[in-house]
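Below is the file my_file_34.pdb, which contains PDB, C-alpha atoms, pLDDT in the B column.
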```pdb
ATOM      1  CA  MET A 509       9.276  -9.956   4.151  1.00 56.00           C
ATOM      2  CA  ALA A 510       8.031 -13.120   2.441  1.00 67.00           C
ATOM      3  CA  ASP A 511       4.865 -13.172   4.550  1.00 88.00           C
ATOM      4  CA  LEU A 512       4.218  -9.492   3.830  1.00 90.00           C
ATOM      5  CA  SER A 513       4.797 -10.066   0.118  1.00 93.00           C
ATOM      6  CA  ASN A 514       2.368 -13.005   0.121  1.00 93.00           C
ATOM      7  CA  ASP A 515      -0.245 -10.977   1.998  1.00 94.00           C
ATOM      8  CA  ILE A 516       0.143  -8.046  -0.398  1.00 95.00           C
ATOM      9  CA  ARG A 517      -0.256 -10.317  -3.433  1.00 95.00           C
ATOM     10  CA  LEU A 518      -3.322 -12.009  -1.928  1.00 94.00           C
ATOM     11  CA  ALA A 519      -4.895  -8.632  -1.162  1.00 95.00           C
ATOM     12  CA  VAL A 520      -4.242  -7.358  -4.705  1.00 95.00           C
ATOM     13  CA  ASP A 521      -5.561 -10.572  -6.293  1.00 96.00           C
ATOM     14  CA  SER A 522      -8.590 -11.249  -4.096  1.00 96.00           C
ATOM     15  CA  GLY A 523      -9.431  -7.953  -2.412  1.00 95.00           C
ATOM     16  CA  LYS A 524      -9.668  -4.306  -3.334  1.00 97.00           C
ATOM     17  CA  THR A 525      -6.587  -2.097  -3.424  1.00 97.00           C
ATOM     18  CA  ALA A 526      -5.508   1.287  -4.746  1.00 97.00           C
ATOM     19  CA  LEU A 527      -2.123   1.478  -6.479  1.00 96.00           C
ATOM     20  CA  GLY A 528      -0.044   4.607  -6.899  1.00 92.00           C
ATOM     21  CA  LEU A 529       0.227   7.948  -5.159  1.00 91.00           C
ATOM     22  CA  ASN A 530      -2.923   9.615  -6.502  1.00 93.00           C
ATOM     23  CA  SER A 531      -5.153   6.575  -6.004  1.00 95.00           C
ATOM     24  CA  VAL A 532      -3.843   6.061  -2.475  1.00 95.00           C
ATOM     25  CA  MET A 533      -4.427   9.729  -1.612  1.00 94.00           C
ATOM     26  CA  ASP A 534      -7.986   9.420  -2.964  1.00 95.00           C
ATOM     27  CA  SER A 535      -8.609   6.272  -0.908  1.00 96.00           C
ATOM     28  CA  ILE A 536      -7.450   8.131   2.230  1.00 95.00           C
ATOM     29  CA  LYS A 537      -9.634  11.155   1.462  1.00 94.00           C
ATOM     30  CA  GLU A 538     -12.653   8.930   0.818  1.00 94.00           C
ATOM     31  CA  ASN A 539     -11.995   7.085   4.091  1.00 94.00           C
ATOM     32  CA  ASP A 540     -11.700   3.764   2.232  1.00 95.00           C
ATOM     33  CA  ALA A 541      -8.086   2.871   3.039  1.00 96.00           C
ATOM     34  CA  LYS A 542      -7.558   0.508   5.968  1.00 96.00           C
ATOM     35  CA  LEU A 543      -3.786   0.104   5.572  1.00 96.00           C
ATOM     36  CA  ILE A 544      -1.094   1.767   3.478  1.00 96.00           C
ATOM     37  CA  ILE A 545       2.064   0.112   2.205  1.00 95.00           C
ATOM     38  CA  ILE A 546       4.958   2.255   1.003  1.00 94.00           C
ATOM     39  CA  ALA A 547       8.080   1.093  -0.842  1.00 93.00           C
ATOM     40  CA  SER A 548      11.115   2.072   1.217  1.00 88.00           C
ATOM     41  CA  LYS A 549      12.954   3.903  -1.591  1.00 83.00           C
ATOM     42  CA  ASN A 550      10.632   6.721  -2.624  1.00 79.00           C
ATOM     43  CA  LYS A 551      10.531  10.477  -3.091  1.00 75.00           C
ATOM     44  CA  LYS A 552      10.487  12.005   0.377  1.00 76.00           C
ATOM     45  CA  GLN A 553       7.947  14.717  -0.541  1.00 73.00           C
ATOM     46  CA  ASN A 554       5.373  12.222  -1.815  1.00 74.00           C
ATOM     47  CA  MET A 555       5.808   9.930   1.147  1.00 80.00           C
ATOM     48  CA  GLY A 556       5.614  12.864   3.551  1.00 85.00           C
ATOM     49  CA  ASP A 557       2.238  13.803   2.071  1.00 86.00           C
ATOM     50  CA  ILE A 558       0.918  10.279   2.483  1.00 89.00           C
ATOM     51  CA  GLN A 559       2.346   9.999   6.008  1.00 89.00           C
ATOM     52  CA  HIS A 560       0.651  13.256   6.995  1.00 91.00           C
ATOM     53  CA  MET A 561      -2.727  12.256   5.524  1.00 92.00           C
ATOM     54  CA  ALA A 562      -2.539   8.777   7.073  1.00 94.00           C
ATOM     55  CA  ASP A 563      -1.684  10.226  10.489  1.00 93.00           C
ATOM     56  CA  ILE A 564      -4.704  12.530  10.344  1.00 93.00           C
ATOM     57  CA  ALA A 565      -6.970   9.672   9.257  1.00 94.00           C
ATOM     58  CA  GLY A 566      -5.487   7.222  11.792  1.00 95.00           C
ATOM     59  CA  ILE A 567      -4.395   4.730   9.133  1.00 96.00           C
ATOM     60  CA  LYS A 568      -1.438   2.442   9.790  1.00 95.00           C
ATOM     61  CA  ILE A 569       1.487   2.518   7.360  1.00 95.00           C
ATOM     62  CA  ILE A 570       3.769  -0.437   6.670  1.00 94.00           C
ATOM     63  CA  LYS A 571       7.120   0.135   4.990  1.00 92.00           C
ATOM     64  CA  PHE A 572       7.872  -2.441   2.291  1.00 94.00           C
ATOM     65  CA  GLU A 573      11.603  -3.189   2.353  1.00 92.00           C
ATOM     66  CA  GLY A 574      12.170  -2.823  -1.347  1.00 91.00           C
ATOM     67  CA  ASN A 575      11.964  -0.324  -4.153  1.00 92.00           C
ATOM     68  CA  PRO A 576       8.853   0.517  -6.216  1.00 93.00           C
ATOM     69  CA  VAL A 577       9.833  -1.942  -8.971  1.00 94.00           C
ATOM     70  CA  GLU A 578       9.995  -4.771  -6.426  1.00 95.00           C
ATOM     71  CA  LEU A 579       6.667  -3.724  -4.896  1.00 95.00           C
ATOM     72  CA  GLY A 580       5.137  -3.679  -8.381  1.00 96.00           C
ATOM     73  CA  ALA A 581       6.406  -7.223  -8.952  1.00 96.00           C
ATOM     74  CA  VAL A 582       4.908  -8.379  -5.650  1.00 95.00           C
ATOM     75  CA  CYS A 583       1.584  -6.863  -6.772  1.00 96.00           C
ATOM     76  CA  GLY A 584       1.882  -8.785 -10.054  1.00 95.00           C
ATOM     77  CA  LYS A 585       2.132  -5.588 -12.089  1.00 95.00           C
ATOM     78  CA  PRO A 586       4.579  -4.911 -14.950  1.00 95.00           C
ATOM     79  CA  PHE A 587       5.251  -1.415 -13.597  1.00 95.00           C
ATOM     80  CA  SER A 588       6.612   0.147 -10.428  1.00 94.00           C
ATOM     81  CA  VAL A 589       4.278   0.777  -7.496  1.00 95.00           C
ATOM     82  CA  SER A 590       5.476   3.359  -4.986  1.00 93.00           C
ATOM     83  CA  THR A 591       2.554   2.897  -2.625  1.00 94.00           C
ATOM     84  CA  LEU A 592      -0.700   1.029  -2.281  1.00 96.00           C
ATOM     85  CA  SER A 593      -3.623   1.066   0.054  1.00 97.00           C
ATOM     86  CA  ILE A 594      -5.636  -1.910   1.197  1.00 97.00           C
ATOM     87  CA  ILE A 595      -9.342  -1.155   0.926  1.00 96.00           C
ATOM     88  CA  GLU A 596     -10.651  -4.726   1.246  1.00 96.00           C
ATOM     89  CA  PRO A 597      -8.129  -7.440   2.208  1.00 94.00           C
ATOM     90  CA  GLY A 598      -9.904 -10.273   0.375  1.00 93.00           C
ATOM     91  CA  ASN A 599      -8.311 -13.605   1.351  1.00 92.00           C
ATOM     92  CA  SER A 600      -5.258 -11.870   2.814  1.00 92.00           C
ATOM     93  CA  SER A 601      -4.591 -11.674   6.541  1.00 92.00           C
ATOM     94  CA  ILE A 602      -2.654  -8.422   6.100  1.00 92.00           C
ATOM     95  CA  LEU A 603      -4.959  -6.415   8.372  1.00 89.00           C
ATOM     96  CA  LYS A 604      -4.479  -8.871  11.254  1.00 84.00           C
ATOM     97  CA  GLU A 605      -0.777  -8.018  11.721  1.00 62.00           C
TER      98      GLU A 605
END
```
Can you give me the file's structure in the form of C-alpha coordinates?
Amino acid sequence: MADLSNDIRLAVDSGKTALGLNSVMDSIKENDAKLIIIASKNKKQNMGDIQHMADIAGIKIIKFEGNPVELGAVCGKPFSVSTLSIIEPGNSSILKE
(Lines of atoms letter the chains of each structure in order from A and count residues from 1; the text may use other names and numbers.)
(Lines give C-alpha, C1' and ligand atoms only; values in the text may rest on other atoms or scores of the structure.)
Protein backbone atom coordinates (compact mmCIF):
# COMPACT_ATOMS: atom_id res chain seq x y z
CA MET A 1 0.00 0.00 0.00
CA ALA A 2 2.96 2.33 0.55
CA ASP A 3 3.75 2.41 -3.17
CA LEU A 4 0.11 3.11 -4.03
CA SER A 5 -0.03 5.86 -1.41
CA ASN A 6 3.14 7.45 -2.81
CA ASP A 7 1.79 7.26 -6.36
CA ILE A 8 -1.53 8.79 -5.30
CA ARG A 9 0.23 11.67 -3.52
CA LEU A 10 2.51 12.30 -6.50
CA ALA A 11 -0.47 12.33 -8.86
CA VAL A 12 -2.39 14.77 -6.64
CA ASP A 13 0.64 17.05 -6.21
CA SER A 14 2.05 17.02 -9.74
CA GLY A 15 -0.79 15.89 -12.00
CA LYS A 16 -4.48 16.52 -12.40
CA THR A 17 -7.04 14.68 -10.28
CA ALA A 18 -10.70 14.91 -9.34
CA LEU A 19 -11.59 14.39 -5.68
CA GLY A 20 -14.98 13.33 -4.37
CA LEU A 21 -17.98 11.51 -5.76
CA ASN A 22 -19.46 14.29 -7.91
CA SER A 23 -16.13 15.37 -9.40
CA VAL A 24 -15.19 11.77 -10.17
CA MET A 25 -18.56 11.13 -11.84
CA ASP A 26 -18.05 14.29 -13.93
CA SER A 27 -14.55 13.18 -14.94
CA ILE A 28 -15.98 9.82 -16.09
CA LYS A 29 -18.80 11.48 -18.03
CA GLU A 30 -16.36 13.89 -19.70
CA ASN A 31 -14.09 10.96 -20.60
CA ASP A 32 -11.19 12.55 -18.69
CA ALA A 33 -10.62 9.90 -16.02
CA LYS A 34 -7.88 7.36 -16.73
CA LEU A 35 -8.01 5.57 -13.37
CA ILE A 36 -10.32 5.63 -10.36
CA ILE A 37 -9.30 4.99 -6.77
CA ILE A 38 -11.95 4.17 -4.18
CA ALA A 39 -11.51 3.99 -0.40
CA SER A 40 -12.48 0.50 0.75
CA LYS A 41 -14.97 1.63 3.42
CA ASN A 42 -17.62 3.60 1.55
CA LYS A 43 -21.36 3.77 0.99
CA LYS A 44 -22.26 0.85 -1.25
CA GLN A 45 -24.76 2.85 -3.35
CA ASN A 46 -22.22 5.54 -4.25
CA MET A 47 -19.53 3.03 -5.07
CA GLY A 48 -21.97 0.96 -7.12
CA ASP A 49 -22.73 4.03 -9.24
CA ILE A 50 -19.05 4.70 -9.85
CA GLN A 51 -18.36 1.02 -10.56
CA HIS A 52 -21.17 0.94 -13.12
CA MET A 53 -20.03 4.14 -14.86
CA ALA A 54 -16.39 3.01 -14.88
CA ASP A 55 -17.33 -0.37 -16.34
CA ILE A 56 -19.24 1.30 -19.17
CA ALA A 57 -16.35 3.69 -19.86
CA GLY A 58 -13.71 0.94 -19.56
CA ILE A 59 -11.86 2.67 -16.72
CA LYS A 60 -9.87 0.61 -14.23
CA ILE A 61 -10.71 0.93 -10.54
CA ILE A 62 -8.21 0.40 -7.72
CA LYS A 63 -9.46 -0.17 -4.19
CA PHE A 64 -7.49 1.79 -1.59
CA GLU A 65 -7.21 -0.33 1.55
CA GLY A 66 -8.26 2.35 3.97
CA ASN A 67 -11.15 4.59 4.85
CA PRO A 68 -11.95 7.99 3.29
CA VAL A 69 -10.13 9.86 6.08
CA GLU A 70 -6.95 7.88 5.37
CA LEU A 71 -7.31 8.45 1.62
CA GLY A 72 -7.75 12.18 2.28
CA ALA A 73 -4.54 12.17 4.32
CA VAL A 74 -2.67 10.40 1.52
CA CYS A 75 -3.94 13.11 -0.87
CA GLY A 76 -2.65 15.76 1.55
CA LYS A 77 -6.15 17.06 2.25
CA PRO A 78 -7.59 17.96 5.67
CA PHE A 79 -10.87 16.22 4.79
CA SER A 80 -12.02 12.74 3.85
CA VAL A 81 -11.86 11.63 0.22
CA SER A 82 -14.11 8.70 -0.69
CA THR A 83 -12.90 8.47 -4.27
CA LEU A 84 -10.62 10.17 -6.73
CA SER A 85 -9.90 9.92 -10.40
CA ILE A 86 -6.55 10.35 -12.08
CA ILE A 87 -6.89 12.63 -15.09
CA GLU A 88 -3.18 13.36 -15.63
CA PRO A 89 -0.67 11.33 -13.57
CA GLY A 90 2.01 14.04 -13.45
CA ASN A 91 5.24 12.57 -12.04
CA SER A 92 3.42 9.51 -10.70
CA SER A 93 3.77 6.06 -12.24
CA ILE A 94 0.28 5.09 -11.07
CA LEU A 95 -1.01 4.40 -14.58
CA LYS A 96 1.82 1.94 -15.29
CA GLU A 97 0.61 -0.61 -12.70
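Selection result for the displayed file, with the PyMOL selection byres ((chain A and resi 583) around 8) as criterion, is Ile516, Arg517, Val520, Leu579, Gly580, Ala581, Val582, Gly584 and Lys585 of chain A.
Applied to the shown file, the PyMOL selection byres ((chain A and resi 576) around 8) selects the residues A:Ala547, A:Ser548, A:Lys549, A:Asn550, A:Gly574, A:Asn575, A:Val577, A:Glu578, A:Leu579, A:Gly580, A:Ser588, A:Val589, A:Ser590, A:Thr591.
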Item to check | Explicit residues for the PyMOL selection byres ((chain A and resi 524) around 8) (as a list in words) | outcome: Ala519, Val520, Ser522, Gly523, Thr525, Ala526, Ile594, Ile595, Glu596, Pro597 and Gly598 of chain A
Item to check | Expected residue set, 12 Å radius at (-9.2, 3.0, 5.7), all atoms listed in the file, as a VMD selection string | outcome: chain A and resid 524 to 526 532 to 544 561 to 569 592 to 597 603
Hey, can you spit out that residue selection with C-alpha atoms as a PDB file, in the frame of the given file?
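Written output follows (out_13.pdb):
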```pdb
ATOM      1  CA  LYS A 524      -9.668  -4.306  -3.334  1.00 97.00           C
ATOM      2  CA  THR A 525      -6.587  -2.097  -3.424  1.00 97.00           C
ATOM      3  CA  ALA A 526      -5.508   1.287  -4.746  1.00 97.00           C
ATOM      4  CA  VAL A 532      -3.843   6.061  -2.475  1.00 95.00           C
ATOM      5  CA  MET A 533      -4.427   9.729  -1.612  1.00 94.00           C
ATOM      6  CA  ASP A 534      -7.986   9.420  -2.964  1.00 95.00           C
ATOM      7  CA  SER A 535      -8.609   6.272  -0.908  1.00 96.00           C
ATOM      8  CA  ILE A 536      -7.450   8.131   2.230  1.00 95.00           C
ATOM      9  CA  LYS A 537      -9.634  11.155   1.462  1.00 94.00           C
ATOM     10  CA  GLU A 538     -12.653   8.930   0.818  1.00 94.00           C
ATOM     11  CA  ASN A 539     -11.995   7.085   4.091  1.00 94.00           C
ATOM     12  CA  ASP A 540     -11.700   3.764   2.232  1.00 95.00           C
ATOM     13  CA  ALA A 541      -8.086   2.871   3.039  1.00 96.00           C
ATOM     14  CA  LYS A 542      -7.558   0.508   5.968  1.00 96.00           C
ATOM     15  CA  LEU A 543      -3.786   0.104   5.572  1.00 96.00           C
ATOM     16  CA  ILE A 544      -1.094   1.767   3.478  1.00 96.00           C
ATOM     17  CA  MET A 561      -2.727  12.256   5.524  1.00 92.00           C
ATOM     18  CA  ALA A 562      -2.539   8.777   7.073  1.00 94.00           C
ATOM     19  CA  ASP A 563      -1.684  10.226  10.489  1.00 93.00           C
ATOM     20  CA  ILE A 564      -4.704  12.530  10.344  1.00 93.00           C
ATOM     21  CA  ALA A 565      -6.970   9.672   9.257  1.00 94.00           C
ATOM     22  CA  GLY A 566      -5.487   7.222  11.792  1.00 95.00           C
ATOM     23  CA  ILE A 567      -4.395   4.730   9.133  1.00 96.00           C
ATOM     24  CA  LYS A 568      -1.438   2.442   9.790  1.00 95.00           C
ATOM     25  CA  ILE A 569       1.487   2.518   7.360  1.00 95.00           C
ATOM     26  CA  LEU A 592      -0.700   1.029  -2.281  1.00 96.00           C
ATOM     27  CA  SER A 593      -3.623   1.066   0.054  1.00 97.00           C
ATOM     28  CA  ILE A 594      -5.636  -1.910   1.197  1.00 97.00           C
ATOM     29  CA  ILE A 595      -9.342  -1.155   0.926  1.00 96.00           C
ATOM     30  CA  GLU A 596     -10.651  -4.726   1.246  1.00 96.00           C
ATOM     31  CA  PRO A 597      -8.129  -7.440   2.208  1.00 94.00           C
ATOM     32  CA  LEU A 603      -4.959  -6.415   8.372  1.00 89.00           C
TER      33      LEU A 603
END
```
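For the atom pair formed by atom CA of A:Glu573 and atom CA of A:Pro586, the distance is 18.8 Å, given to one decimal.
Relative to atom CA of A:Ile602, atom CA of A:Asp511 is found at 9.0 Å.
Across A:Ser531, A:Phe572, A:Lys552, A:Phe587, the tightest approach to A:Asp515 is made by A:Phe572 when counting only C-alpha atoms.
Interatomic distance, atom CA of A:Ile546 to atom CA of A:Asn599: 20.7 Å.
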